[in-house]
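Q: Sharing my_file32.cif, mmCIF, C-alpha atoms:
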```cif
data_coords
loop_
_atom_site.label_atom_id
_atom_site.label_comp_id
_atom_site.auth_asym_id
_atom_site.auth_seq_id
_atom_site.Cartn_x
_atom_site.Cartn_y
_atom_site.Cartn_z
CA MET A 1 -30.39 1.38 23.19
CA SER A 2 -33.63 -0.19 24.36
CA LEU A 3 -33.95 -3.89 25.11
CA ARG A 4 -36.37 -4.22 22.20
CA ALA A 5 -33.93 -2.61 19.74
CA ALA A 6 -31.09 -4.81 20.97
CA ALA A 7 -33.25 -7.91 20.58
CA LEU A 8 -34.24 -6.91 17.05
CA GLY A 9 -30.57 -6.30 16.21
CA CYS A 10 -29.64 -9.77 17.47
CA LEU A 11 -32.44 -11.35 15.46
CA ALA A 12 -31.31 -9.50 12.32
CA ALA A 13 -27.73 -10.69 12.85
CA ILE A 14 -28.90 -14.28 13.33
CA ALA A 15 -31.06 -14.07 10.19
CA ALA A 16 -28.12 -12.69 8.20
CA ALA A 17 -25.85 -15.47 9.47
CA CYS A 18 -28.44 -18.08 8.52
CA SER A 19 -28.80 -16.50 5.08
CA MET A 20 -25.00 -16.53 4.63
CA SER A 21 -24.78 -20.18 5.72
CA GLN A 22 -27.59 -21.07 3.33
CA ARG A 23 -25.87 -19.35 0.42
CA LEU A 24 -22.58 -21.07 1.19
CA ALA A 25 -24.47 -24.38 1.32
CA GLU A 26 -26.11 -23.62 -2.03
CA LEU A 27 -22.73 -22.92 -3.61
CA GLY A 28 -21.27 -25.94 -1.83
CA ALA A 29 -23.81 -28.14 -3.60
CA ALA A 30 -22.48 -26.98 -6.97
CA GLU A 31 -20.14 -29.36 -8.79
CA PHE A 32 -16.92 -28.02 -10.32
CA SER A 33 -14.70 -29.68 -12.93
CA LEU A 34 -11.87 -28.72 -15.28
CA ASP A 35 -13.32 -28.89 -18.77
CA ARG A 36 -10.75 -27.63 -21.28
CA ILE A 37 -8.02 -25.17 -22.19
CA GLU A 38 -8.71 -22.38 -24.68
CA GLY A 39 -6.58 -19.74 -26.39
CA LEU A 40 -3.19 -21.38 -25.79
CA ARG A 41 -0.22 -19.13 -26.59
CA VAL A 42 3.37 -20.26 -26.01
CA ALA A 43 6.40 -17.97 -26.41
CA GLY A 44 4.25 -15.62 -28.48
CA LEU A 45 2.97 -18.42 -30.77
CA ASP A 46 -0.77 -18.91 -31.20
CA LEU A 47 -1.34 -22.64 -30.60
CA ALA A 48 -5.08 -22.43 -29.95
CA ARG A 49 -6.00 -24.52 -33.01
CA LEU A 50 -3.12 -26.95 -32.68
CA ARG A 51 -4.25 -30.60 -32.59
CA SER A 52 -0.78 -32.13 -32.62
CA PHE A 53 2.74 -30.84 -32.12
CA ASP A 54 3.57 -32.49 -35.45
CA GLU A 55 1.76 -29.49 -36.99
CA LEU A 56 4.43 -27.11 -35.69
CA SER A 57 6.77 -25.69 -38.29
CA ASN A 58 10.53 -25.94 -37.85
CA ALA A 59 10.59 -22.21 -37.09
CA GLN A 60 7.97 -22.59 -34.34
CA VAL A 61 9.85 -25.51 -32.75
CA ALA A 62 13.02 -23.43 -32.85
CA THR A 63 11.22 -20.52 -31.15
CA ILE A 64 10.01 -22.73 -28.29
CA ALA A 65 13.41 -24.40 -27.94
CA ALA A 66 15.19 -21.03 -27.81
CA ALA A 67 12.71 -19.78 -25.19
CA ALA A 68 13.33 -22.92 -23.11
CA ARG A 69 17.11 -22.50 -23.25
CA ALA A 70 16.70 -18.87 -22.19
CA GLY A 71 14.52 -19.92 -19.25
CA ASP A 72 11.64 -17.76 -20.43
CA VAL A 73 8.66 -19.69 -21.86
CA PRO A 74 5.61 -17.45 -21.43
CA VAL A 75 2.38 -19.43 -21.59
CA GLU A 76 -1.11 -17.92 -21.70
CA PHE A 77 -4.45 -19.73 -21.79
CA ALA A 78 -7.94 -19.76 -20.36
CA LEU A 79 -8.63 -22.73 -18.11
CA ILE A 80 -12.36 -23.41 -18.41
CA VAL A 81 -13.95 -24.46 -15.13
CA ARG A 82 -17.37 -26.02 -15.54
CA ALA A 83 -19.78 -25.31 -12.68
CA ARG A 84 -22.98 -27.31 -12.36
CA ASN A 85 -25.80 -26.76 -9.92
CA PRO A 86 -27.57 -30.13 -9.52
CA SER A 87 -31.25 -30.09 -10.34
CA LEU A 88 -31.95 -31.60 -6.89
CA ASN A 89 -30.67 -28.38 -5.32
CA ALA A 90 -33.81 -26.25 -5.03
CA ALA A 91 -31.96 -22.95 -4.74
CA THR A 92 -29.95 -20.86 -7.17
CA ALA A 93 -26.23 -20.91 -6.34
CA GLU A 94 -24.53 -17.53 -6.51
CA LEU A 95 -20.82 -17.22 -7.25
CA PHE A 96 -19.63 -13.72 -6.43
CA ALA A 97 -15.86 -14.12 -6.89
CA LEU A 98 -13.24 -16.84 -7.16
CA GLU A 99 -9.70 -16.82 -5.78
CA TRP A 100 -7.53 -19.53 -7.32
CA THR A 101 -4.09 -21.10 -7.44
CA LEU A 102 -2.94 -23.30 -10.32
CA VAL A 103 -1.03 -26.43 -9.28
CA LEU A 104 0.93 -28.35 -11.93
CA ASP A 105 2.26 -31.75 -10.84
CA GLN A 106 2.22 -30.77 -7.15
CA ARG A 107 3.91 -27.42 -7.91
CA ASP A 108 2.06 -24.26 -6.85
CA THR A 109 2.40 -21.85 -9.75
CA VAL A 110 0.37 -18.67 -10.28
CA SER A 111 -2.63 -17.31 -8.41
CA GLY A 112 -5.38 -14.87 -9.23
CA ARG A 113 -8.90 -13.70 -8.52
CA ILE A 114 -11.99 -13.47 -10.70
CA ASP A 115 -14.49 -10.80 -9.70
CA ARG A 116 -17.62 -11.52 -11.67
CA ARG A 117 -20.99 -12.31 -10.18
CA ARG A 118 -22.67 -15.39 -11.62
CA GLN A 119 -25.87 -17.19 -10.76
CA ILE A 120 -26.32 -20.90 -11.40
CA ALA A 121 -29.93 -22.04 -11.46
CA PRO A 122 -30.83 -25.60 -10.43
CA GLY A 123 -29.87 -27.94 -13.29
CA GLN A 124 -27.80 -25.27 -15.03
CA ILE A 125 -24.17 -25.60 -16.16
CA ILE A 126 -21.96 -22.55 -16.73
CA ASP A 127 -18.37 -22.10 -17.91
CA VAL A 128 -16.05 -19.98 -15.77
CA PRO A 129 -12.91 -18.98 -17.72
CA VAL A 130 -9.82 -18.65 -15.51
CA PRO A 131 -7.14 -16.56 -17.28
CA VAL A 132 -3.68 -18.01 -16.67
CA ARG A 133 -0.27 -16.50 -17.47
CA LEU A 134 2.99 -18.07 -16.33
CA ASN A 135 6.58 -18.77 -17.30
CA LEU A 136 6.59 -22.55 -17.74
CA ALA A 137 10.39 -22.73 -17.44
CA GLN A 138 10.16 -21.32 -13.92
CA TYR A 139 8.43 -24.52 -12.78
CA PHE A 140 9.74 -27.17 -15.19
CA GLY A 141 13.29 -25.97 -15.90
CA ARG A 142 14.98 -25.33 -19.23
CA ASP A 143 14.83 -28.84 -20.68
CA GLU A 144 13.02 -28.23 -23.95
CA ARG A 145 11.96 -31.88 -24.24
CA GLU A 146 10.25 -31.81 -20.85
CA LEU A 147 8.56 -28.51 -21.63
CA ILE A 148 7.33 -29.82 -24.98
CA ALA A 149 5.98 -32.93 -23.21
CA VAL A 150 4.06 -30.74 -20.74
CA LEU A 151 2.65 -28.64 -23.57
CA LYS A 152 1.64 -31.75 -25.51
CA ALA A 153 -0.21 -33.04 -22.46
CA SER A 154 -2.02 -29.72 -22.06
CA ILE A 155 -3.59 -29.95 -25.53
CA GLY A 156 -4.16 -33.70 -25.43
CA ALA A 157 -1.51 -34.46 -28.01
CA GLY A 158 0.41 -37.06 -26.05
CA GLY A 159 3.37 -36.33 -23.87
CA VAL A 160 3.92 -37.23 -20.24
CA PRO A 161 0.64 -37.09 -18.26
CA VAL A 162 0.37 -33.97 -16.09
CA ASN A 163 -1.70 -33.51 -12.93
CA LEU A 164 -3.57 -30.24 -13.35
CA THR A 165 -5.22 -28.85 -10.21
CA LEU A 166 -7.04 -25.63 -9.46
CA ARG A 167 -7.28 -24.80 -5.77
CA ALA A 168 -10.18 -22.35 -5.62
CA THR A 169 -11.91 -20.38 -2.88
CA PRO A 170 -15.33 -19.11 -3.93
CA SER A 171 -17.11 -16.09 -2.45
CA VAL A 172 -20.86 -15.71 -2.22
CA GLY A 173 -23.04 -12.63 -1.92
CA THR A 174 -24.56 -11.79 1.47
CA PRO A 175 -26.51 -8.80 2.81
CA TYR A 176 -23.20 -7.54 4.24
CA GLY A 177 -21.17 -8.04 1.07
CA PRO A 178 -19.25 -11.00 -0.35
CA ILE A 179 -17.80 -13.61 1.97
CA GLY A 180 -15.35 -16.37 1.07
CA SER A 181 -15.72 -20.05 1.75
CA ARG A 182 -13.58 -21.32 4.61
CA THR A 183 -12.53 -24.43 2.72
CA PRO A 184 -10.88 -24.22 -0.73
CA ILE A 185 -12.32 -26.40 -3.47
CA THR A 186 -9.79 -28.69 -5.14
CA ILE A 187 -10.60 -29.24 -8.81
CA ALA A 188 -8.22 -31.74 -10.36
CA ARG A 189 -7.71 -33.51 -13.65
CA ARG A 190 -4.95 -35.65 -15.12
CA VAL A 191 -4.15 -34.70 -18.69
CA GLY A 192 -1.88 -36.49 -21.11
CA ALA A 193 -2.17 -38.81 -24.09
CA ARG A 194 -5.96 -38.73 -23.94
CA GLY A 195 -6.04 -35.06 -23.01
CA TYR A 196 -9.30 -33.22 -22.57
#
```
Please re-express this file's structure in structure tokens.
A:
Amino acid sequence: MSLRAAALGCLAAIAAACSMSQRLAELGAAEFSLDRIEGLRVAGLDLARLRSFDELSNAQVATIAAAARAGDVPVEFALIVRARNPSLNAATAELFALEWTLVLDQRDTVSGRIDRRRQIAPGQIIDVPVPVRLNLAQYFGRDERELIAVLKASIGAGGVPVNLTLRATPSVGTPYGPIGSRTPITIARRVGARGY
């Protein structure tokens, strides 16, 4: 390889590294927050439109209680992460993928990865749905009263306040493919009587 070719290769590598750093900085300028929960299902029951646990029928309460006693309370929902690129950021932020772990009251629960490329223009806000599935009893035990309190908090219908945290590692697009951020983003919110 000639000296000229080697020099050009080094310059290309430096340019790519600068581009990658710039894209990470652009994504780093984006602001993330937990906005809401959608599509809540508990033990096979559709609770998406539930405003208060007082609306549950006796049969539904019995279903949740039986699931709690059995130690199997499957919960499914979409946790909506709101991503905002400040208008002062002159560049478009590009989110290539998102690895995440859900933390409930200091307990690491389930993890996952979202592979969907999204661009966030300056001043734009987008919603990033994070699909979550877990057995609530695995992390909060079989006490049906405690589980009901956690569920109430999740829909803003009272209950004991719960610290809800998403530990996320975003990836950005580069000329050499996606690359993940070195530092996870911690997106936290306390939910409870006031809820979302």
Q: Between A:Glu144, A:Asp108, A:Glu76, A:Glu94, which residue has the minimum interatomic distance to Thr165 in chain A, considering only C-alpha atoms?
A: A:Asp108
Q: Could you tell me how far CA of Ile114 in chain A sits from CA of Pro170 in chain A, in Å to one decimal place?
A: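 The value is 9.4 Å.
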Q: Between A:Gly141, A:Leu134, A:Asp105, A:Glu31, single out the one closest to Pro161 in chain A, counting only C-alpha atoms.
A: A:Asp105
Q: I need the residue nearest Pro184 in chain A from this list: A:Arg113, A:Arg49, A:Arg84, A:Arg167. Use all atoms listed in the file for the distance.
A: A:Arg167
Q: Using all atoms listed in the file, pick whichever of A:Arg142, A:Lys152, A:Arg118, A:Arg133 has the shortest atom-to-atom distance to Arg51 in chain A.
A: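 Smallest separation from Arg51 in chain A among the options: A:Lys152.
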